[in-house]
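Raw contents of run_18.cif, mmCIF, C-alpha atoms:
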```cif
data_query
loop_
_atom_site.label_atom_id
_atom_site.label_comp_id
_atom_site.auth_asym_id
_atom_site.auth_seq_id
_atom_site.Cartn_x
_atom_site.Cartn_y
_atom_site.Cartn_z
CA MET U 69 -32.40 3.48 9.72
CA ALA U 70 -36.10 2.73 9.77
CA ARG U 71 -35.51 -0.93 9.14
CA LYS U 72 -37.75 -3.55 10.66
CA PRO U 73 -36.01 -5.14 13.66
CA LYS U 74 -34.82 -8.61 12.75
CA SER U 75 -36.05 -11.70 14.55
CA LEU U 76 -33.66 -13.53 16.87
CA LYS U 77 -33.29 -16.37 14.40
CA ALA U 78 -32.45 -14.02 11.53
CA VAL U 79 -29.83 -12.29 13.68
CA PHE U 80 -28.31 -15.64 14.52
CA THR U 81 -28.13 -17.02 10.98
CA THR U 82 -27.01 -13.91 9.09
CA GLY U 83 -23.36 -14.64 9.89
CA PHE U 84 -23.46 -18.13 8.39
CA ILE U 85 -23.62 -17.29 4.69
CA LYS U 86 -25.09 -13.90 3.87
CA GLN U 87 -22.66 -11.87 5.99
CA ASN U 88 -19.99 -14.52 6.45
CA PRO U 89 -17.07 -12.80 8.22
CA VAL U 90 -14.43 -14.71 6.27
CA PHE U 91 -15.69 -14.77 2.69
CA VAL U 92 -18.03 -11.78 2.48
CA GLN U 93 -16.86 -9.21 5.02
CA PHE U 94 -13.14 -10.09 5.01
CA LEU U 95 -12.83 -9.41 8.71
CA GLY U 96 -10.05 -10.85 10.84
CA MET U 97 -7.94 -11.99 7.94
CA CYS U 98 -4.68 -12.53 9.81
CA PRO U 99 -5.87 -15.62 11.71
CA THR U 100 -7.82 -16.72 8.65
CA LEU U 101 -4.55 -17.23 6.81
CA ALA U 102 -2.25 -18.08 9.68
CA VAL U 103 -4.04 -20.88 11.52
CA THR U 104 -5.50 -22.72 8.54
CA GLY U 105 -2.53 -25.05 8.07
CA SER U 106 -4.52 -27.82 9.74
CA VAL U 107 -8.18 -28.38 10.52
CA GLU U 108 -7.27 -28.95 14.17
CA SER U 109 -5.78 -25.49 14.71
CA ALA U 110 -8.60 -23.88 12.72
CA LEU U 111 -11.13 -25.56 15.02
CA GLY U 112 -9.16 -24.41 18.05
CA MET U 113 -9.05 -20.85 16.78
CA GLY U 114 -12.77 -21.04 16.00
CA ALA U 115 -13.55 -22.22 19.53
CA GLY U 116 -11.54 -19.31 20.93
CA VAL U 117 -13.38 -16.79 18.76
CA ILE U 118 -16.77 -18.30 19.67
CA PHE U 119 -15.97 -17.88 23.36
CA VAL U 120 -14.62 -14.34 23.09
CA LEU U 121 -17.12 -12.94 20.59
CA THR U 122 -20.25 -14.32 22.29
CA LEU U 123 -19.22 -13.04 25.72
CA SER U 124 -17.80 -9.73 24.51
CA ASN U 125 -21.06 -9.01 22.67
CA LEU U 126 -22.99 -9.87 25.84
CA PHE U 127 -20.90 -7.57 28.05
CA VAL U 128 -20.72 -4.70 25.58
CA SER U 129 -24.46 -4.84 25.09
CA SER U 130 -25.16 -5.01 28.84
CA ILE U 131 -23.19 -1.83 29.53
CA ARG U 132 -24.17 0.02 26.35
CA ASN U 133 -26.39 2.53 28.18
CA PHE U 134 -23.77 3.57 30.73
CA VAL U 135 -20.74 4.06 28.49
CA PRO U 136 -20.01 7.58 27.26
CA ARG U 137 -19.62 7.64 23.48
CA GLU U 138 -16.17 9.24 23.54
CA VAL U 139 -14.44 6.49 25.49
CA ARG U 140 -16.37 3.49 24.19
CA ILE U 141 -13.60 2.00 22.03
CA PRO U 142 -11.01 1.77 24.86
CA ILE U 143 -13.66 0.20 27.10
CA TYR U 144 -14.54 -2.38 24.44
CA ILE U 145 -10.86 -3.16 24.00
CA VAL U 146 -10.40 -3.72 27.74
CA ILE U 147 -13.40 -6.08 27.84
CA ILE U 148 -12.12 -8.03 24.84
CA ALA U 149 -8.56 -8.13 26.18
CA SER U 150 -9.73 -9.47 29.55
CA LEU U 151 -11.70 -12.24 27.85
CA VAL U 152 -8.70 -13.12 25.69
CA THR U 153 -6.49 -13.26 28.79
CA VAL U 154 -8.91 -15.73 30.38
CA LEU U 155 -8.85 -17.79 27.19
CA GLU U 156 -5.04 -17.70 27.05
CA MET U 157 -4.70 -18.86 30.64
CA TYR U 158 -7.17 -21.69 30.04
CA MET U 159 -5.46 -22.84 26.84
CA ASN U 160 -1.97 -22.69 28.33
CA ALA U 161 -3.11 -24.69 31.35
CA PHE U 162 -5.31 -27.35 29.75
CA GLN U 163 -4.53 -27.40 26.01
CA PRO U 164 -0.80 -26.59 25.82
CA ASP U 165 -0.33 -28.23 22.39
CA LEU U 166 -3.13 -26.23 20.84
CA ALA U 167 -1.87 -23.05 22.49
CA LYS U 168 1.54 -23.73 20.98
CA SER U 169 0.21 -24.30 17.48
CA LEU U 170 -1.87 -21.12 17.58
CA GLY U 171 1.09 -19.19 19.05
CA THR U 172 0.81 -15.43 19.01
CA PHE U 173 -2.51 -15.59 17.18
CA LEU U 174 -4.22 -16.66 20.37
CA SER U 175 -3.35 -13.28 21.91
CA LEU U 176 -4.07 -11.51 18.66
CA ILE U 177 -7.79 -12.28 19.00
CA VAL U 178 -7.74 -8.94 20.88
CA VAL U 179 -7.14 -6.99 17.69
CA ASN U 180 -9.26 -9.21 15.45
CA CYS U 181 -11.41 -6.64 13.65
CA LEU U 182 -14.36 -9.06 13.65
CA ILE U 183 -14.76 -8.80 17.43
CA LEU U 184 -14.39 -5.05 17.79
CA GLY U 185 -16.46 -4.64 14.62
CA ARG U 186 -19.42 -6.60 16.04
CA ALA U 187 -19.15 -4.77 19.38
CA GLU U 188 -19.34 -1.44 17.61
CA ALA U 189 -21.80 -2.29 14.84
CA PHE U 190 -24.20 -4.58 16.66
CA ALA U 191 -23.78 -5.03 20.41
CA SER U 192 -23.62 -1.31 21.18
CA LYS U 193 -27.09 -0.86 19.65
CA ASN U 194 -28.98 -4.04 20.58
CA GLY U 195 -30.10 -5.94 23.66
CA PRO U 196 -27.98 -8.62 25.39
CA LEU U 197 -29.87 -11.65 24.08
CA LYS U 198 -29.81 -10.51 20.46
CA SER U 199 -26.16 -9.50 20.78
CA MET U 200 -25.22 -12.93 22.06
CA ALA U 201 -27.09 -14.55 19.18
CA ASP U 202 -25.29 -12.27 16.74
CA GLY U 203 -21.90 -12.99 18.33
CA LEU U 204 -22.45 -16.74 18.34
CA GLY U 205 -23.73 -16.72 14.75
CA MET U 206 -20.85 -14.61 13.46
CA ALA U 207 -18.30 -16.70 15.35
CA LEU U 208 -19.80 -19.92 13.95
CA GLY U 209 -19.67 -18.40 10.46
CA PHE U 210 -16.04 -17.48 11.07
CA THR U 211 -15.24 -20.99 12.29
CA GLY U 212 -16.97 -22.52 9.28
CA GLY U 213 -15.00 -20.27 6.95
CA ILE U 214 -11.59 -21.01 8.40
CA VAL U 215 -12.30 -24.73 8.69
CA LEU U 216 -13.23 -24.75 4.99
CA ILE U 217 -9.89 -23.13 4.07
CA ALA U 218 -8.02 -25.44 6.43
CA PHE U 219 -9.80 -28.45 4.92
CA PHE U 220 -8.49 -27.72 1.42
CA ARG U 221 -5.02 -26.75 2.60
CA GLU U 222 -4.52 -29.79 4.78
CA LEU U 223 -6.15 -32.27 2.41
CA LEU U 224 -4.16 -31.18 -0.65
CA GLY U 225 -1.02 -30.12 1.22
CA SER U 226 -0.37 -32.80 3.81
CA GLY U 227 -2.84 -35.34 2.47
CA SER U 228 -4.72 -35.84 5.71
CA ILE U 229 -7.37 -34.32 7.93
CA THR U 230 -6.63 -33.93 11.62
CA ILE U 231 -9.74 -33.18 13.60
CA TRP U 232 -8.47 -33.58 17.13
CA LYS U 233 -5.11 -34.93 18.32
CA ASP U 234 -5.11 -38.61 17.22
CA LEU U 235 -8.33 -38.41 15.27
CA ALA U 236 -6.64 -38.09 11.88
CA PHE U 237 -7.43 -39.52 8.47
CA THR U 238 -4.97 -39.86 5.61
CA PHE U 239 -6.39 -39.63 2.09
CA VAL U 240 -3.69 -38.60 -0.34
CA PRO U 241 -0.47 -40.62 -0.82
CA GLU U 242 2.78 -38.74 -0.31
CA VAL U 243 3.75 -38.35 -3.99
CA TYR U 244 0.58 -36.43 -4.86
CA ARG U 245 0.75 -33.90 -2.03
CA ILE U 246 1.20 -30.22 -2.91
CA SER U 247 3.35 -29.20 0.03
CA ILE U 248 3.37 -25.48 -0.88
CA LEU U 249 -0.27 -25.27 0.20
CA VAL U 250 0.60 -25.96 3.85
CA ALA U 251 3.49 -23.49 3.73
CA PRO U 252 2.56 -19.90 4.62
CA ALA U 253 2.57 -18.82 0.97
CA GLY U 254 -0.09 -21.38 0.05
CA ALA U 255 -2.62 -19.77 2.36
CA PHE U 256 -2.91 -16.79 0.04
CA LEU U 257 -3.49 -19.02 -2.98
CA VAL U 258 -6.14 -21.24 -1.41
CA PHE U 259 -8.00 -18.30 0.13
CA GLY U 260 -7.85 -16.31 -3.14
CA ILE U 261 -9.22 -19.17 -5.23
CA LEU U 262 -11.97 -19.95 -2.73
CA VAL U 263 -13.11 -16.32 -2.63
CA ALA U 264 -13.17 -16.22 -6.43
CA GLN U 265 -15.29 -19.37 -6.63
CA ILE U 266 -17.70 -18.04 -4.04
CA ASN U 267 -17.96 -14.77 -5.98
CA LYS U 268 -18.75 -16.78 -9.10
CA LEU U 269 -21.63 -18.53 -7.35
CA LYS U 270 -22.85 -15.20 -6.01
CA PHE U 271 -22.85 -13.56 -9.45
CA LYS U 272 -24.65 -16.52 -10.98
CA ARG U 273 -27.37 -16.31 -8.37
CA GLU U 274 -27.72 -12.54 -8.88
CA GLU U 275 -28.08 -13.02 -12.64
CA ARG U 276 -30.73 -15.67 -12.12
CA ASN U 277 -32.64 -13.35 -9.81
CA GLU U 278 -32.49 -10.54 -12.38
CA VAL U 279 -33.92 -12.76 -15.11
CA ALA U 280 -36.68 -14.08 -12.89
CA MET G 77 27.27 -9.03 12.41
CA GLU G 78 24.63 -10.40 14.76
CA TYR G 79 22.53 -7.27 14.27
CA ILE G 80 22.80 -7.55 10.49
CA ALA G 81 21.55 -11.15 10.69
CA ILE G 82 18.60 -10.12 12.88
CA ALA G 83 17.70 -7.23 10.59
CA PHE G 84 17.97 -9.27 7.40
CA GLY G 85 15.96 -12.09 8.93
CA ALA G 86 13.25 -9.70 10.06
CA ILE G 87 12.96 -7.84 6.76
CA PHE G 88 13.15 -10.70 4.26
CA VAL G 89 13.15 -14.20 5.73
CA ASN G 90 10.43 -13.81 8.34
CA ASN G 91 8.61 -11.06 6.51
CA VAL G 92 5.81 -9.81 8.70
CA ILE G 93 3.12 -9.92 6.01
CA LEU G 94 4.10 -12.74 3.70
CA LYS G 95 5.41 -15.20 6.27
CA GLN G 96 3.81 -14.30 9.58
CA PHE G 97 0.47 -12.90 8.35
CA TYR G 98 0.40 -9.86 10.60
CA GLY G 99 -1.39 -6.73 9.49
CA LEU G 100 -3.25 -8.12 6.51
CA CYS G 101 -6.31 -5.86 6.73
CA PRO G 102 -4.36 -2.65 5.98
CA PHE G 103 -2.16 -4.63 3.60
CA LEU G 104 -5.15 -5.37 1.37
CA GLY G 105 -7.13 -2.25 2.26
CA VAL G 106 -4.64 0.59 1.79
CA SER G 107 -2.52 -0.87 -0.98
CA THR G 108 -4.45 0.32 -4.01
CA LYS G 109 -2.33 3.48 -4.41
CA LYS G 110 1.44 3.84 -4.14
CA SER G 111 1.28 7.12 -2.22
CA SER G 112 -1.07 5.84 0.49
CA ALA G 113 0.89 2.60 0.80
CA LEU G 114 4.05 4.62 1.37
CA SER G 115 2.40 6.75 4.06
CA MET G 116 0.99 3.66 5.75
CA GLY G 117 4.40 2.01 5.63
CA MET G 118 6.05 5.04 7.25
CA ALA G 119 3.41 5.32 9.97
CA VAL G 120 3.70 1.59 10.74
CA THR G 121 7.51 1.76 10.87
CA PHE G 122 7.35 4.62 13.33
CA VAL G 123 4.74 3.06 15.59
CA ILE G 124 6.04 -0.53 15.59
CA THR G 125 9.63 0.47 16.37
CA LEU G 126 8.74 2.77 19.27
CA SER G 127 5.92 0.71 20.75
CA THR G 128 8.04 -2.44 20.67
CA MET G 129 10.80 -0.65 22.58
CA ILE G 130 8.24 0.49 25.17
CA ALA G 131 6.71 -3.00 25.38
CA HIS G 132 10.13 -4.56 25.92
CA LEU G 133 11.00 -2.12 28.73
CA LEU G 134 7.62 -2.66 30.38
CA TYR G 135 7.92 -6.43 30.13
CA THR G 136 11.46 -6.71 31.50
CA GLN G 137 11.22 -3.94 34.12
CA VAL G 138 7.63 -4.20 35.35
CA LEU G 139 5.85 -7.41 34.34
CA VAL G 140 8.62 -9.96 34.91
CA PRO G 141 9.88 -8.64 38.31
CA ASN G 142 6.30 -8.53 39.62
CA GLU G 143 5.41 -11.93 38.14
CA ILE G 144 2.37 -10.65 36.31
CA THR G 145 3.36 -11.73 32.80
CA TYR G 146 -0.11 -13.20 32.24
CA LEU G 147 -1.33 -9.62 32.00
CA SER G 148 0.97 -8.83 29.07
CA THR G 149 -1.74 -8.93 26.36
CA ILE G 150 -3.98 -6.46 28.15
CA VAL G 151 -1.07 -4.19 29.13
CA PHE G 152 0.41 -4.13 25.64
CA ILE G 153 -2.86 -3.31 23.89
CA LEU G 154 -3.52 -0.43 26.28
CA VAL G 155 0.02 0.90 25.86
CA ILE G 156 -0.21 0.67 22.09
CA ALA G 157 -3.62 2.34 21.93
CA SER G 158 -2.59 5.25 24.13
CA PHE G 159 0.79 5.52 22.44
CA VAL G 160 -0.83 5.84 19.03
CA GLN G 161 -3.11 8.57 20.38
CA LEU G 162 -0.12 10.40 21.83
CA VAL G 163 1.84 10.18 18.58
CA GLU G 164 -1.15 11.52 16.72
CA MET G 165 -1.45 14.51 19.06
CA ILE G 166 2.27 15.28 18.91
CA ILE G 167 2.39 15.13 15.13
CA LYS G 168 -0.72 17.29 14.86
CA LYS G 169 0.88 19.92 17.09
CA PHE G 170 4.30 20.08 15.49
CA SER G 171 4.02 19.32 11.80
CA ALA G 172 1.01 19.91 9.59
CA THR G 173 2.73 18.32 6.57
CA VAL G 174 3.53 15.07 8.35
CA TYR G 175 0.05 15.03 9.87
CA SER G 176 -1.66 15.40 6.52
CA ALA G 177 0.41 12.51 5.17
CA LEU G 178 0.10 10.12 8.11
CA GLY G 179 -2.88 11.38 10.13
CA VAL G 180 -5.54 9.19 8.55
CA TYR G 181 -3.50 6.05 9.00
CA LEU G 182 -2.54 6.42 12.63
CA PRO G 183 -5.90 5.42 14.21
CA LEU G 184 -5.97 2.37 11.93
CA ILE G 185 -2.69 1.18 13.39
CA THR G 186 -4.16 0.44 16.82
CA THR G 187 -6.03 -2.50 15.37
CA ASN G 188 -3.15 -3.50 13.11
CA CYS G 189 -2.20 -6.84 14.55
CA ALA G 190 1.43 -6.38 13.47
CA VAL G 191 2.01 -3.93 16.34
CA LEU G 192 0.63 -6.16 19.09
CA GLY G 193 2.00 -9.27 17.38
CA VAL G 194 5.57 -8.01 17.34
CA ALA G 195 5.30 -6.79 20.93
CA ILE G 196 4.19 -10.26 22.05
CA ASP G 197 6.74 -12.02 19.86
CA ILE G 198 9.72 -10.23 21.37
CA THR G 199 8.59 -10.79 24.94
CA VAL G 200 6.41 -13.82 25.62
CA ASN G 201 7.34 -15.79 22.51
CA SER G 202 10.89 -14.51 21.98
CA GLN G 203 12.32 -18.03 22.18
CA ASN G 204 10.69 -18.88 18.85
CA LYS G 205 11.27 -15.60 17.05
CA LEU G 206 14.67 -14.39 18.20
CA GLY G 207 16.22 -17.61 19.46
CA THR G 208 16.86 -16.25 22.96
CA ALA G 209 14.43 -16.21 25.86
CA VAL G 210 15.73 -12.84 27.08
CA PRO G 211 16.69 -10.64 24.11
CA THR G 212 18.62 -7.46 24.84
CA PHE G 213 17.19 -4.01 24.19
CA GLY G 214 19.50 -3.62 21.18
CA GLN G 215 18.36 -6.88 19.60
CA VAL G 216 14.72 -5.98 20.13
CA THR G 217 15.13 -2.53 18.58
CA ILE G 218 16.87 -3.91 15.49
CA TYR G 219 14.28 -6.67 15.15
CA ALA G 220 11.36 -4.23 15.41
CA LEU G 221 12.97 -1.86 12.92
CA GLY G 222 13.60 -4.75 10.53
CA ILE G 223 10.06 -6.08 10.84
CA SER G 224 8.51 -2.69 10.17
CA LEU G 225 10.82 -1.95 7.24
CA GLY G 226 9.82 -5.33 5.83
CA TYR G 227 6.18 -4.29 6.22
CA ALA G 228 6.78 -0.96 4.46
CA LEU G 229 8.75 -2.62 1.67
CA VAL G 230 6.16 -5.29 0.92
CA ILE G 231 3.14 -2.99 1.11
CA PHE G 232 4.86 -0.54 -1.27
CA LEU G 233 5.88 -3.22 -3.80
CA PHE G 234 2.40 -4.71 -3.60
CA SER G 235 0.70 -1.35 -4.23
CA ALA G 236 2.93 -0.79 -7.27
CA ILE G 237 1.84 -4.16 -8.68
CA ARG G 238 -1.83 -3.43 -7.97
CA GLU G 239 -1.63 -0.05 -9.72
CA GLU G 240 -0.23 -1.76 -12.81
CA MET G 241 -2.83 -4.49 -12.61
CA GLU G 242 -5.70 -2.05 -13.01
CA ALA G 243 -4.87 -1.75 -16.70
CA TYR G 244 -5.41 -5.44 -17.38
CA PRO G 245 -8.68 -7.30 -17.92
CA ILE G 246 -9.34 -9.65 -15.02
CA LYS G 247 -12.23 -12.10 -14.78
CA ARG G 248 -15.09 -10.58 -12.84
CA ASN G 249 -15.06 -13.09 -10.00
CA TYR G 250 -11.32 -12.58 -9.50
CA GLN G 251 -11.47 -8.79 -9.32
CA GLY G 252 -10.55 -7.07 -6.06
CA ILE G 253 -9.57 -9.27 -3.13
CA PRO G 254 -9.08 -12.65 -4.92
CA ILE G 255 -6.54 -11.37 -7.44
CA ALA G 256 -4.79 -9.41 -4.69
CA LEU G 257 -4.47 -12.59 -2.64
CA ILE G 258 -3.06 -14.49 -5.60
CA THR G 259 -0.56 -11.69 -6.24
CA ALA G 260 0.43 -11.90 -2.58
CA PHE G 261 0.88 -15.66 -3.07
CA ILE G 262 3.39 -15.09 -5.87
CA MET G 263 5.24 -12.48 -3.79
CA ALA G 264 5.33 -14.86 -0.83
CA MET G 265 6.79 -17.58 -3.09
CA ILE G 266 9.54 -15.17 -4.12
CA PHE G 267 10.27 -14.31 -0.48
CA VAL G 268 10.56 -18.03 0.34
CA GLY G 269 13.75 -17.84 -1.71
CA PHE G 270 15.41 -15.72 0.98
CA GLY G 271 14.91 -18.61 3.39
CA GLY G 272 18.32 -20.24 3.15
CA ILE G 273 20.38 -17.10 3.60
CA VAL G 274 20.21 -16.54 7.36
#
```

Taking this structure as input, can you express it in the form of structure tokens?
Amino acid sequence: MARKPKSLKAVFTTGFIKQNPVFVQFLGMCPTLAVTGSVESALGMGAGVIFVLTLSNLFVSSIRNFVPREVRIPIYIVIIASLVTVLEMYMNAFQPDLAKSLGTFLSLIVVNCLILGRAEAFASKNGPLKSMADGLGMALGFTGGIVLIAFFRELLGSGSITIWKDLAFTFVPEVYRISILVAPAGAFLVFGILVAQINKLKFKREERNEVA
Amino acid sequence: MEYIAIAFGAIFVNNVILKQFYGLCPFLGVSTKKSSALSMGMAVTFVITLSTMIAHLLYTQVLVPNEITYLSTIVFILVIASFVQLVEMIIKKFSATVYSALGVYLPLITTNCAVLGVAIDITVNSQNKLGTAVPTFGQVTIYALGISLGYALVIFLFSAIREEMEAYPIKRNYQGIPIALITAFIMAMIFVGFGGIV
């Protein structure tokens, strides 16, 4: 445990690639597969996770010295669940279409292992500022990951990219679309292939480092 | 007849893992051995069925009459977490054999999104999942039982495939999670075939 404390910038960027929650840690896989049918819903989910994870890390870290170890998990869950309730109320009131397309998965942010995992592994041991940086970095990494999956699924499956409501671009004509990729089953395939390709890159880089 | 349709729909057509993507972490994590997949499946069946019944009673008897349905997420997660703890204590007290088979998996279930997901689906979102805004207690029980049996069935079949797969050479970058996801893709394609029945 005698590691050198990381700088704020290193804490912030570690979630982008090195410890990416989607492709490296495989945390929070249910939303990863479920909301990636379109880039729009992936972005919405990402925004929700950014909000909840940044604030939950802040709160958990602020109270870390007062919470008895035995009851810490229930307390974390209550904090996270309250934040998710706020998010749900906001989405239902101001973004009803997005709330509808995310469906139950909006509420399921509560049990997303990424959020409880960061609370337990990082925020309960570090100061508020660092914890917020970690939460924001991890959540941005998560958003990047799911948007990448959604990009391939939507582009190849429905031939277009929808960024926000009417801001949509069509690229692929109807006859060439692979509609199975937008169906639930296709999520497994796209995610599996993407993970394999990323592993390939990782192994290549490791080999190069060994030679050098 | 109506109950058979609900049960069949919940087990096969709207399979909790392959169609709705609930509970994927344990699905990929605990499915490397048939025996542990079976234990996980049994523990999940037990917890989902009972906690859904409790959630339904709480929602219809407490949350709706008092007009505090916006609190359902926070109430359900607390109920589920304490319920799982209670089940663990009861099993530990009464049966050492059952505890040794299921004990390790019970704490994992609290963060299994299938439990909370089903509880929310039969209350807040029941219009989409069951076709009625106010499902009866009987419908909810059958649905929850069907969903959890579907979970147990798929996780067991999947673990059997993964055990077999260990004997075959797989490219290094596909080993582990990627090949498991692609296997799940093929299983999901097969389950799409049940779609037209109900």

Show which residues sit within 12 Å of G:Ala260, as JSON, numbers by chain. Count only C-alpha atoms, and ignore same-chain residues fewer than 3 positions away.
-> {"U": [101, 252, 253, 254, 255, 256, 257, 258, 259, 260], "G": [93, 94, 95, 97, 100, 103, 104, 107, 230, 231, 233, 234, 235, 237, 238, 253, 254, 255, 256, 257, 263, 264, 265, 266, 267]}

Between atom CA of U:Ala191 and atom CA of U:Ser129, what is the distance, to one decimal in Å?
-> 4.7 Å

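Remark: for chain U, the closest of the candidate residues G:Ala220, G:Ile196, G:Met116, G:Ile167 is G:Ile196 (distances computed over only C-alpha atoms).
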
The PyMOL selection byres ((chain U and resi 150) around 10) applied to the shown file, residues as a PDB file with C-alpha atoms, in the coordinates of the input:
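Writing done, so here's selection_35.pdb:
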```
ATOM      1  CA  VAL U 120     -14.620 -14.340  23.090  1.00  0.00           C
ATOM      2  CA  SER U 124     -17.800  -9.730  24.510  1.00  0.00           C
ATOM      3  CA  TYR U 144     -14.540  -2.380  24.440  1.00  0.00           C
ATOM      4  CA  ILE U 145     -10.860  -3.160  24.000  1.00  0.00           C
ATOM      5  CA  VAL U 146     -10.400  -3.720  27.740  1.00  0.00           C
ATOM      6  CA  ILE U 147     -13.400  -6.080  27.840  1.00  0.00           C
ATOM      7  CA  ILE U 148     -12.120  -8.030  24.840  1.00  0.00           C
ATOM      8  CA  ALA U 149      -8.560  -8.130  26.180  1.00  0.00           C
ATOM      9  CA  LEU U 151     -11.700 -12.240  27.850  1.00  0.00           C
ATOM     10  CA  VAL U 152      -8.700 -13.120  25.690  1.00  0.00           C
ATOM     11  CA  THR U 153      -6.490 -13.260  28.790  1.00  0.00           C
ATOM     12  CA  VAL U 154      -8.910 -15.730  30.380  1.00  0.00           C
ATOM     13  CA  LEU U 155      -8.850 -17.790  27.190  1.00  0.00           C
ATOM     14  CA  GLU U 156      -5.040 -17.700  27.050  1.00  0.00           C
ATOM     15  CA  VAL U 178      -7.740  -8.940  20.880  1.00  0.00           C
TER      16      VAL U 178
ATOM     17  CA  LEU G 147      -1.330  -9.620  32.000  1.00  0.00           C
ATOM     18  CA  THR G 149      -1.740  -8.930  26.360  1.00  0.00           C
ATOM     19  CA  ILE G 150      -3.980  -6.460  28.150  1.00  0.00           C
TER      20      ILE G 150
END
```

Point out the residue among U:Leu184, U:Val179, U:Ala110, U:Ala102 with the least atom-to-atom distance to U:Asn125, counting all atoms listed in the file.
-> U:Leu184

Given the file shown, determine the residues that the PyMOL selection byres ((chain G and resi 152) around 12) selects; report them as a VMD selection string.
-> (chain U and resid 145 to 146 149 153 175 to 176 178 to 179) or (chain G and resid 127 to 135 139 145 to 151 153 to 159 186 189 191 to 200)

Please write as a ChimeraX atom specification the full residue list that the PyMOL selection byres ((chain U and resi 198-213) around 8) yields on this file.
-> /U:76,79-85,88-91,110-111,113-115,117-118,121-123,125-126,129,186,190-191,194-197,214-217

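Counting all atoms listed in the file, the residue from U:Thr100, U:Ser247, U:Lys272, U:Lys74 that sits nearest to U:Phe173 is U:Thr100.
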
For U:Arg245, please output as a CSV table (one decimal) with C-alpha atoms, in the coordinates of the input all residues within 7 Å (counting all atoms listed in the file; exclusion window: fewer than 5 positions along the same chain).
```
chain,number,residue,atom,x,y,z
U,224,LEU,CA,-4.2,-31.2,-0.6
U,225,GLY,CA,-1.0,-30.1,1.2
U,226,SER,CA,-0.4,-32.8,3.8
U,227,GLY,CA,-2.8,-35.3,2.5
U,240,VAL,CA,-3.7,-38.6,-0.3
```

G:Val106 surroundings by all atoms listed in the file, 12 Å radius, close-in-sequence under 4 positions cut, as a VMD selection string = chain G and resid 99 to 102 110 to 117 180 to 181 184 to 185 228 231 to 232 234 to 236 238 to 239 256

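Here atom CA of G:Leu162 stands at a distance of 17.8 Å from atom CA of U:Ile143.
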